[in-house]
Every structure is written in C-alpha cells, then in structure tokens.
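A short worksheet on the structure shown next.
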Amino acid sequence: MSSSDEPGTRTSATAAADGGSPFRGGEPPKPAGPAGPLRDRSGPSLIPDLFSVLVAPSAFWERPRALQGATAKPIWIHLAVLIGLRSVAGFGGALLRHGGFGAGFGQLVSGILSSFLMVWLFAAIVASVAATSGGRANVRDAFRFAAYGLTPMFAIGVLAVVPLPYVSPIADLALMPYTFYVLAVGVVPALGVSVERAPGRTGIICGALLLLWTVMPALIPLLVETLFR
C-alpha cells in the first residue's frame, strides 16, 4: 500500500474537494459574510461635505455621482443647518445690540425666508443657464449646485452674532470672491457645461448671485412687514 493511501493522509485533490486549501494544510474556509451588496459608507454627510466644499471644492464637485446621494435629503439638511445657524446668529446679534425681541425675531424670520428664496431663485437661474448651454444638469443637479455653491456665504453668516453694525454684510462681501471660485470650479463637473462655454456661463451665474445678494436683503423685510402689518 502506498503512503498516499495511509489513513489521515490527504492529497491536494482531496483537500480541494473537501473545501480546504492545499496551501494551508487543509484548513476549512472562513464562513462567508452575509449575502447582498456592500453598503457604501462614503456617501453624503453633513460635516465632511461642509469641510470638503469649503477646503477642496474641486474635489467635492468631481466626486462620482454614486457618492452624491440618491435623494435630495442631504441637500435639505445641509441648507437647513447653515441657514438656521446664520439666522439664529443674526437673531442673537440683534438682541446683543439691544434691538429688542420683536426686531430680532423679525430679522430671524426674514433671514430664513430670504436665504431659502435666494437659493431657489439661484437654482432656477443655474438650471436655465445649464439648459441653454448644452449641460447635462437636471433640476436636482441645479439645486444641489446652488445649495453647496453658496456654502461659504452661509457659513460666514455666523459672524452676524457680533454686536457690531454691518459685520455680516462686510463678511459676506469679503467672502464673495471665494464663493465665485467655488461656483466656477463646479460649472463643468456638476452642471456638465463644456469647457469652452464654462467661462461665459460662470460669469452669468456669478453675476446673478451678486444681483440676488444685493436685492434679497432689502426685498424680504418689506415683504414680511407687509404680511404682518
């Protein structure tokens, strides 16, 4: 009888047939994990997205669409947090300046309304620019571009809590060029506008933002005053 037939001896073929590995002494394989697709944990998240769009906007806009979320929920959360912080800061600043609760509350309401309305109007302009420029952006892409593109201005709005006049408008104006940069680097990857048309479309988008930023703070308080008179 050959040595291969002795009890307790396993050949490579026998080990493979039994599910073991001939290179690991016939140890049984480790149990497989649960069936089903693996969950991607690199999707949208408030703090990482906020940090990314502020520090590395080019990398943020160029992320694969699969990592941008399947719904608009992350976008709304992002907007609600930033606009809420900016508006609450303005309310606190009004109280610290001894403006009274009524004046502070009116500033809080008008700040929230003007910010959300500005995002919606800006998104509509962005969608129109993309549609007339051969871009591939849909309505959600335009809204996402507007929401995340205005992040620098919304984030700097927390300085409105400083009880000094004109701090918030001056901060917005100082950060406006960087906001233009964040928008500019996203025109091609986020909206699908061609490289040749990108400079001109960027100018239109940035000009529209400057116009809205100038008009909205004066228009919304008048509207709130008219509604609650």
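By order of appearance in the structure tokens: chains A, B, ..., then residues from 1 within every chain, and ligands from 1 in the order shown.
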
Proximity check segment 55-134 of chain A to segment 177-193 of chain A, 6 Å, nearest pairs one decimal Å, only C-alpha atoms, as a tab-separated table:
```
residue	atom	partner	partner_atom	distance
A:Pro57	CA	A:Val182	CA	5.8
A:Ser58	CA	A:Val185	CA	5.7
A:Trp61	CA	A:Gly186	CA	5.5
A:Glu62	CA	A:Pro189	CA	5.7
```

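Nearest residue to Val119 of chain A among A:Gly100, A:Gly200, A:Gly84, A:Gly149 is A:Gly149, counting only C-alpha atoms.
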
*Residue neighbourhood Leu173 of chain A, 12 Å, only C-alpha atoms, exclusion window fewer than 5 positions, as a ChimeraX atom specification*: /A:152-154,156-157,166-168,178-180,209-210,213-214

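Summary of the local environment: counting only C-alpha atoms, residues at most 10 Å from Phe105 of chain A, other than itself and those fewer than 3 positions away along its chain, are Ser87, Val88, Gly90, Phe91, Gly92, Ala94, Leu95, Gly100, Phe101, Gly102, Leu108, Val109, Ser110 and Gly111 of chain A.
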
Write out, as a short mmCIF file (atom, residue, chain, number, x, y, z; two decimals), in the first residue's frame, the residues just selected, with C-alpha atoms.
```cif
data_model
loop_
_atom_site.label_atom_id
_atom_site.label_comp_id
_atom_site.auth_asym_id
_atom_site.auth_seq_id
_atom_site.Cartn_x
_atom_site.Cartn_y
_atom_site.Cartn_z
CA SER A 87 -30.39 83.24 11.03
CA VAL A 88 -30.01 82.39 14.71
CA GLY A 90 -28.48 87.31 13.31
CA PHE A 91 -31.19 86.99 15.96
CA GLY A 92 -28.59 86.81 18.71
CA ALA A 94 -29.89 91.86 17.26
CA LEU A 95 -30.53 91.02 20.92
CA GLY A 100 -35.46 94.23 21.17
CA PHE A 101 -37.02 90.80 20.83
CA GLY A 102 -39.51 91.90 18.17
CA LEU A 108 -34.75 85.84 12.16
CA VAL A 109 -37.84 85.24 10.01
CA SER A 110 -36.69 87.48 7.19
CA GLY A 111 -33.24 85.87 7.23
#
```

*Find the residues around Ala127 of chain A up to 10 Å (only C-alpha atoms counted), leave out those fewer than 2 positions away in its own chain, and share them as a ChimeraX atom specification.*
/A:121-125,129-133,135-143,145-146,191

May I have the residues from that selection written out with C-alpha atoms, as a PDB file, in the first residue's frame?
```
ATOM      1  CA  LEU A 121     -34.143  81.608  -7.409  1.00  0.00           C
ATOM      2  CA  PHE A 122     -30.449  81.000  -7.877  1.00  0.00           C
ATOM      3  CA  ALA A 123     -31.103  77.318  -8.630  1.00  0.00           C
ATOM      4  CA  ALA A 124     -33.680  78.329 -11.259  1.00  0.00           C
ATOM      5  CA  ILE A 125     -31.135  80.625 -12.906  1.00  0.00           C
ATOM      6  CA  VAL A 129     -28.020  78.560 -17.826  1.00  0.00           C
ATOM      7  CA  ALA A 130     -27.171  74.851 -17.906  1.00  0.00           C
ATOM      8  CA  ALA A 131     -30.115  74.032 -20.170  1.00  0.00           C
ATOM      9  CA  THR A 132     -29.169  76.699 -22.695  1.00  0.00           C
ATOM     10  CA  SER A 133     -25.509  75.697 -22.644  1.00  0.00           C
ATOM     11  CA  GLY A 135     -25.268  70.907 -19.971  1.00  0.00           C
ATOM     12  CA  ARG A 136     -26.495  67.605 -18.615  1.00  0.00           C
ATOM     13  CA  ALA A 137     -27.743  69.005 -15.281  1.00  0.00           C
ATOM     14  CA  ASN A 138     -31.305  68.276 -14.202  1.00  0.00           C
ATOM     15  CA  VAL A 139     -33.357  70.203 -11.644  1.00  0.00           C
ATOM     16  CA  ARG A 140     -31.812  68.334  -8.704  1.00  0.00           C
ATOM     17  CA  ASP A 141     -28.287  68.972 -10.012  1.00  0.00           C
ATOM     18  CA  ALA A 142     -29.011  72.696 -10.276  1.00  0.00           C
ATOM     19  CA  PHE A 143     -30.479  72.797  -6.775  1.00  0.00           C
ATOM     20  CA  PHE A 145     -25.120  73.271  -7.176  1.00  0.00           C
ATOM     21  CA  ALA A 146     -26.898  76.276  -5.683  1.00  0.00           C
ATOM     22  CA  LEU A 191     -23.550  71.047 -14.484  1.00  0.00           C
TER      23      LEU A 191
END
```

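Going from atom CA of Gly134 of chain A to atom CA of Leu150 of chain A covers 23.2 Å.
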
*Pick out the closest residue to Ser115 of chain A from this set: A:Ala56, A:Leu159, A:Ala80, A:Ala89. Count only C-alpha atoms.*
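For Ser115 of chain A, the nearest of the given residues is A:Ala80.
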
_Counting only C-alpha atoms, which residue out of A:Ile77, A:Leu211, A:Ala72, A:Met118 sits closest to Leu46 of chain A?_
A:Ile77

*Measure the distance from atom CA of Ala218 of chain A to atom CA of Phe116 of chain A in Å and round it to one decimal.*
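Result for atom CA of Ala218 of chain A versus atom CA of Phe116 of chain A: 14.7 Å, one decimal.
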
*If we count only C-alpha atoms, what is near Ala155 of chain A at a cut-off of 10 Å, once residues fewer than 6 positions away on the same chain are taken out, given as a VMD selection string?*
chain A and resid 50 54 81 to 83 85 to 86 172 175

Next, the residues of the selection above should be written as a PDB file, in the first residue's frame with N, CA and C atoms.
```
ATOM      1  N   LEU A  50     -19.447  69.663   4.255  1.00  0.00           N
ATOM      2  CA  LEU A  50     -19.197  71.068   4.557  1.00  0.00           C
ATOM      3  C   LEU A  50     -17.706  71.365   4.498  1.00  0.00           C
ATOM      4  N   LEU A  54     -15.737  73.655   1.412  1.00  0.00           N
ATOM      5  CA  LEU A  54     -15.045  74.865   1.834  1.00  0.00           C
ATOM      6  C   LEU A  54     -13.551  74.812   1.562  1.00  0.00           C
ATOM      7  N   VAL A  81     -29.295  73.447   8.195  1.00  0.00           N
ATOM      8  CA  VAL A  81     -28.309  73.696   9.249  1.00  0.00           C
ATOM      9  C   VAL A  81     -27.607  75.038   9.038  1.00  0.00           C
ATOM     10  N   LEU A  82     -27.114  75.274   7.814  1.00  0.00           N
ATOM     11  CA  LEU A  82     -26.367  76.505   7.564  1.00  0.00           C
ATOM     12  C   LEU A  82     -27.250  77.745   7.655  1.00  0.00           C
ATOM     13  N   ILE A  83     -28.422  77.685   7.040  1.00  0.00           N
ATOM     14  CA  ILE A  83     -29.318  78.838   7.086  1.00  0.00           C
ATOM     15  C   ILE A  83     -29.833  79.054   8.500  1.00  0.00           C
ATOM     16  N   LEU A  85     -28.244  78.306  11.333  1.00  0.00           N
ATOM     17  CA  LEU A  85     -27.170  78.903  12.126  1.00  0.00           C
ATOM     18  C   LEU A  85     -26.991  80.375  11.789  1.00  0.00           C
ATOM     19  N   ARG A  86     -27.047  80.692  10.509  1.00  0.00           N
ATOM     20  CA  ARG A  86     -26.882  82.090  10.095  1.00  0.00           C
ATOM     21  C   ARG A  86     -28.017  82.955  10.643  1.00  0.00           C
ATOM     22  N   ASP A 172     -19.887  88.901   4.245  1.00  0.00           N
ATOM     23  CA  ASP A 172     -20.403  88.318   3.001  1.00  0.00           C
ATOM     24  C   ASP A 172     -19.657  88.865   1.790  1.00  0.00           C
ATOM     25  N   LEU A 175     -16.139  87.495   1.463  1.00  0.00           N
ATOM     26  CA  LEU A 175     -16.055  86.088   1.053  1.00  0.00           C
ATOM     27  C   LEU A 175     -16.692  85.847  -0.316  1.00  0.00           C
TER      28      LEU A 175
END
```

_Interatomic distance (Å, one decimal) between atom CA of Ser45 of chain A and atom CA of Arg63 of chain A_ =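 A separation of 13.3 Å between them.
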
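Non-sequential neighbours of Ile47 of chain A (distance at most 10 Å, separation of 4 or more positions within a chain, only C-alpha atoms) are A:Phe51, A:Ser52, A:His78.
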
Would you save the residues from that selection as an mmCIF file, in the first residue's frame, using N, CA and C atoms?
```cif
data_model
loop_
_atom_site.group_PDB
_atom_site.id
_atom_site.type_symbol
_atom_site.label_atom_id
_atom_site.label_comp_id
_atom_site.auth_asym_id
_atom_site.auth_seq_id
_atom_site.Cartn_x
_atom_site.Cartn_y
_atom_site.Cartn_z
ATOM 1 N N PHE A 51 -16.912 70.506 5.105
ATOM 2 C CA PHE A 51 -15.462 70.710 5.102
ATOM 3 C C PHE A 51 -14.904 70.615 3.685
ATOM 4 N N SER A 52 -15.415 69.655 2.904
ATOM 5 C CA SER A 52 -14.892 69.438 1.554
ATOM 6 C C SER A 52 -15.204 70.613 0.636
ATOM 7 N N HIS A 78 -28.270 70.023 4.758
ATOM 8 C CA HIS A 78 -27.161 70.967 4.644
ATOM 9 C C HIS A 78 -27.675 72.403 4.668
#
```
